[in-house]
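Asks: The structure follows.
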Amino acid sequence: MSVLGFLEIDVRPSKANYGAFKSCHPCFFRRTHPALVSVGGIHPLVSSYVELVAKRFIRIPDFEVVPDPNEEGAAAVPEPSRPRYELREELVHCYTELKTLYYASALHEQVYVLMRQALTKALVACPFEIPVLTYAAAGAAMSIAHGNKDGVWIIEQKIEGHFYKYINNNSLRPNSKLKAAYYRIAVFLCFCQHMQYIFTEKRCIITDYQGTMKILTDAQISTREEDAEHFSRGNITSLLNEFPTTHICNEWCDFFGIGEQNKTPAQITYSLRGGGREAVCDPDYGLYLQKKIDQLI
Ligand SMILES: [Zn+2]
């Protein structure tokens, strides 16, 4: 095995943030050798960033009630030190977490691919400014102490800027506490959920959308009950069942032809372009929109 570089994790409690499930520590990657092959998970590679954060799971016994991270105050556990899992268990948690992040990253990016296809096919420009958000680069690392494996870490690109909870884990609605600029992003992310619901054939959507205005992190995947074992404990399977009656379509759903604005998918009153199974833009939608705006003026 060749050495690519060294990962330095600052484990001092005073430098860490303690959440309900994980602690988060500053971390630097010092590359000492050029990589012969790409390492660091899927693109963007976490090894291409110098400033990183290292996250490690806090052990929550099975009998303990899992804290709801959406509850006020749940994100800040005051104790500076919490118990960790055994190495084997830690590996399983880490694997599940990374799988969730990679799935979320792929599901989210696929929305942009399908939007672009629909726009190109109809030869139209999107009348709304498209928020461009990507999931943070992530990978895993195992620390070695005195020659023994000692702890599994999730390594993520450091995210700069204010952090926003766009859609809560147990919700399909934009976070109403957000200010207008961020609320608009949350509305777009609700549309992304609708797209995911369609192109996965009702199998899964991203929940717990959160991050800055550019970089997202800490995703959850909501799946059907039979697929729940593959993802982390934040997977709320009932959301998929509730989707047709709880998701409220917005201007994005309407423009891309997958829903009717201000109605749930179960309330739609006209047949959708593409039969509601794919995003299809209407070349005349711009005129329709302009008429609507003129009427408002
Ligand atoms: Zn919708």
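We label chains A, B, ... in the order they appear in the structure tokens, count residues from 1 in each chain, and number ligands from 1 in the order shown.
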Mind listing the residues within 6 Å of ligand 1, only C-alpha atoms and all ligand atoms counted, as a ChimeraX atom specification?
Replies: /A:191,194,248-250,253,259
Asks: Generate the output file for the selected residues, C-alpha atoms, as an mmCIF file, in the first residue's frame.
Replies:
```cif
data_model
loop_
_atom_site.group_PDB
_atom_site.id
_atom_site.type_symbol
_atom_site.label_atom_id
_atom_site.label_comp_id
_atom_site.auth_asym_id
_atom_site.auth_seq_id
_atom_site.Cartn_x
_atom_site.Cartn_y
_atom_site.Cartn_z
ATOM 1 C CA PHE A 191 -39.488 20.186 -6.170
ATOM 2 C CA HIS A 194 -40.977 15.426 -6.225
ATOM 3 C CA ILE A 248 -47.576 20.610 -2.199
ATOM 4 C CA CYS A 249 -46.496 21.313 -5.754
ATOM 5 C CA ASN A 250 -44.853 24.670 -6.349
ATOM 6 C CA CYS A 253 -43.274 21.376 -10.295
ATOM 7 C CA GLY A 259 -47.549 18.881 -10.785
#
```
Asks: List as a count of residues only the protein and nucleic acid residues near A:Arg59, meaning an atom at most 12 Å away when only C-alpha atoms are counted, but skip any in the same chain fewer than 6 places from it.
Replies: 16
Asks: Output as a list of chain:residue names all residues of stretch 176-268 of chain A that backbone DSSP marks as strand (DSSP E).
Replies: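 Residues meeting the strand (DSSP E) criterion: A:Cys204, A:Ile205, A:Ile206, A:Thr207, A:Gln210, A:Gly211, A:Ile215, A:Leu216, A:Gln220, A:Ile221, A:Ser222, A:Thr223.
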Asks: Restricted to N, CA and C atoms, what would the selected residues look like written as a PDB file, in the first residue's frame?
Replies:
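Result saved to again_39.pdb:
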```pdb
ATOM      1  N   CYS A 204     -37.635   6.195  -3.400  1.00  0.00           N
ATOM      2  CA  CYS A 204     -36.920   6.963  -2.371  1.00  0.00           C
ATOM      3  C   CYS A 204     -36.804   8.446  -2.721  1.00  0.00           C
ATOM      4  N   ILE A 205     -36.650   9.234  -1.679  1.00  0.00           N
ATOM      5  CA  ILE A 205     -36.404  10.670  -1.825  1.00  0.00           C
ATOM      6  C   ILE A 205     -35.369  11.088  -0.778  1.00  0.00           C
ATOM      7  N   ILE A 206     -34.739  12.232  -1.020  1.00  0.00           N
ATOM      8  CA  ILE A 206     -33.835  12.795  -0.013  1.00  0.00           C
ATOM      9  C   ILE A 206     -34.675  13.568   0.997  1.00  0.00           C
ATOM     10  N   THR A 207     -34.394  13.367   2.268  1.00  0.00           N
ATOM     11  CA  THR A 207     -35.032  14.186   3.299  1.00  0.00           C
ATOM     12  C   THR A 207     -33.940  14.873   4.110  1.00  0.00           C
ATOM     13  N   GLN A 210     -30.224  20.049   4.132  1.00  0.00           N
ATOM     14  CA  GLN A 210     -29.601  21.086   4.957  1.00  0.00           C
ATOM     15  C   GLN A 210     -28.204  21.399   4.463  1.00  0.00           C
ATOM     16  N   GLY A 211     -27.712  22.571   4.809  1.00  0.00           N
ATOM     17  CA  GLY A 211     -26.363  22.977   4.413  1.00  0.00           C
ATOM     18  C   GLY A 211     -26.307  24.479   4.215  1.00  0.00           C
ATOM     19  N   ILE A 215     -23.463  24.194  -0.557  1.00  0.00           N
ATOM     20  CA  ILE A 215     -23.063  22.825  -0.215  1.00  0.00           C
ATOM     21  C   ILE A 215     -24.050  22.207   0.777  1.00  0.00           C
ATOM     22  N   LEU A 216     -24.482  21.000   0.470  1.00  0.00           N
ATOM     23  CA  LEU A 216     -25.416  20.284   1.340  1.00  0.00           C
ATOM     24  C   LEU A 216     -24.672  19.182   2.092  1.00  0.00           C
ATOM     25  N   GLN A 220     -30.545  12.496   4.704  1.00  0.00           N
ATOM     26  CA  GLN A 220     -31.232  11.247   5.035  1.00  0.00           C
ATOM     27  C   GLN A 220     -31.958  10.807   3.777  1.00  0.00           C
ATOM     28  N   ILE A 221     -32.172   9.505   3.673  1.00  0.00           N
ATOM     29  CA  ILE A 221     -32.935   8.968   2.548  1.00  0.00           C
ATOM     30  C   ILE A 221     -34.210   8.355   3.118  1.00  0.00           C
ATOM     31  N   SER A 222     -35.324   8.731   2.554  1.00  0.00           N
ATOM     32  CA  SER A 222     -36.579   8.101   2.950  1.00  0.00           C
ATOM     33  C   SER A 222     -36.917   7.044   1.901  1.00  0.00           C
ATOM     34  N   THR A 223     -37.069   5.818   2.345  1.00  0.00           N
ATOM     35  CA  THR A 223     -37.333   4.709   1.410  1.00  0.00           C
ATOM     36  C   THR A 223     -38.638   4.010   1.768  1.00  0.00           C
TER      37      THR A 223
END
```
Asks: For A:Leu114, find every residue with an atom within 10 Å (counting only C-alpha atoms), except residues of its own chain fewer than 5 positions away, and show them as a PyMOL selection string.
Replies: chain A and resi 109+119-120+195+199+256+278-280
Asks: Would you write out those residues with N, CA and C atoms, as a PDB file, in the first residue's frame?
Replies:
```
ATOM      1  N   GLU A 109     -28.157  15.119  -7.891  1.00  0.00           N
ATOM      2  CA  GLU A 109     -27.592  15.541  -9.181  1.00  0.00           C
ATOM      3  C   GLU A 109     -28.449  15.097 -10.359  1.00  0.00           C
ATOM      4  N   LEU A 119     -35.474  21.035 -20.431  1.00  0.00           N
ATOM      5  CA  LEU A 119     -35.305  22.391 -20.980  1.00  0.00           C
ATOM      6  C   LEU A 119     -34.778  22.329 -22.412  1.00  0.00           C
ATOM      7  N   THR A 120     -33.798  21.454 -22.627  1.00  0.00           N
ATOM      8  CA  THR A 120     -33.174  21.328 -23.956  1.00  0.00           C
ATOM      9  C   THR A 120     -34.194  20.829 -24.983  1.00  0.00           C
ATOM     10  N   MET A 195     -39.287  15.332  -7.977  1.00  0.00           N
ATOM     11  CA  MET A 195     -38.591  14.713  -9.111  1.00  0.00           C
ATOM     12  C   MET A 195     -38.037  13.340  -8.707  1.00  0.00           C
ATOM     13  N   PHE A 199     -38.697   9.806 -10.540  1.00  0.00           N
ATOM     14  CA  PHE A 199     -37.728   9.020 -11.315  1.00  0.00           C
ATOM     15  C   PHE A 199     -37.232   7.764 -10.577  1.00  0.00           C
ATOM     16  N   PHE A 256     -42.056  22.434 -14.756  1.00  0.00           N
ATOM     17  CA  PHE A 256     -41.489  21.204 -15.333  1.00  0.00           C
ATOM     18  C   PHE A 256     -42.556  20.130 -15.590  1.00  0.00           C
ATOM     19  N   GLU A 278     -42.527  12.058 -15.978  1.00  0.00           N
ATOM     20  CA  GLU A 278     -41.243  12.686 -16.300  1.00  0.00           C
ATOM     21  C   GLU A 278     -41.424  14.201 -16.440  1.00  0.00           C
ATOM     22  N   ALA A 279     -40.300  14.897 -16.343  1.00  0.00           N
ATOM     23  CA  ALA A 279     -40.348  16.358 -16.496  1.00  0.00           C
ATOM     24  C   ALA A 279     -40.431  16.698 -17.973  1.00  0.00           C
ATOM     25  N   VAL A 280     -41.455  17.471 -18.330  1.00  0.00           N
ATOM     26  CA  VAL A 280     -41.623  17.919 -19.720  1.00  0.00           C
ATOM     27  C   VAL A 280     -41.978  19.404 -19.678  1.00  0.00           C
TER      28      VAL A 280
END
```
Asks: For stretch 178-185 of chain A, find every residue with an atom within 8 Å (counting only C-alpha atoms), except residues of its own chain fewer than 2 positions away, and show them as a VMD selection string.
Replies: chain A and resid 131 164 166 174 to 176 187 to 189 213
Asks: So how far away is atom CA of A:Lys99 from atom CA of A:Ala228, in Å?
Replies: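 These atoms are spaced 12.6 Å apart.
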Asks: Report, in Å with one decimal, the straight-line distance from atom CA of A:Asn241 to atom CA of A:Leu172.
Replies: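 Between these atoms lies a distance of 11.5 Å.
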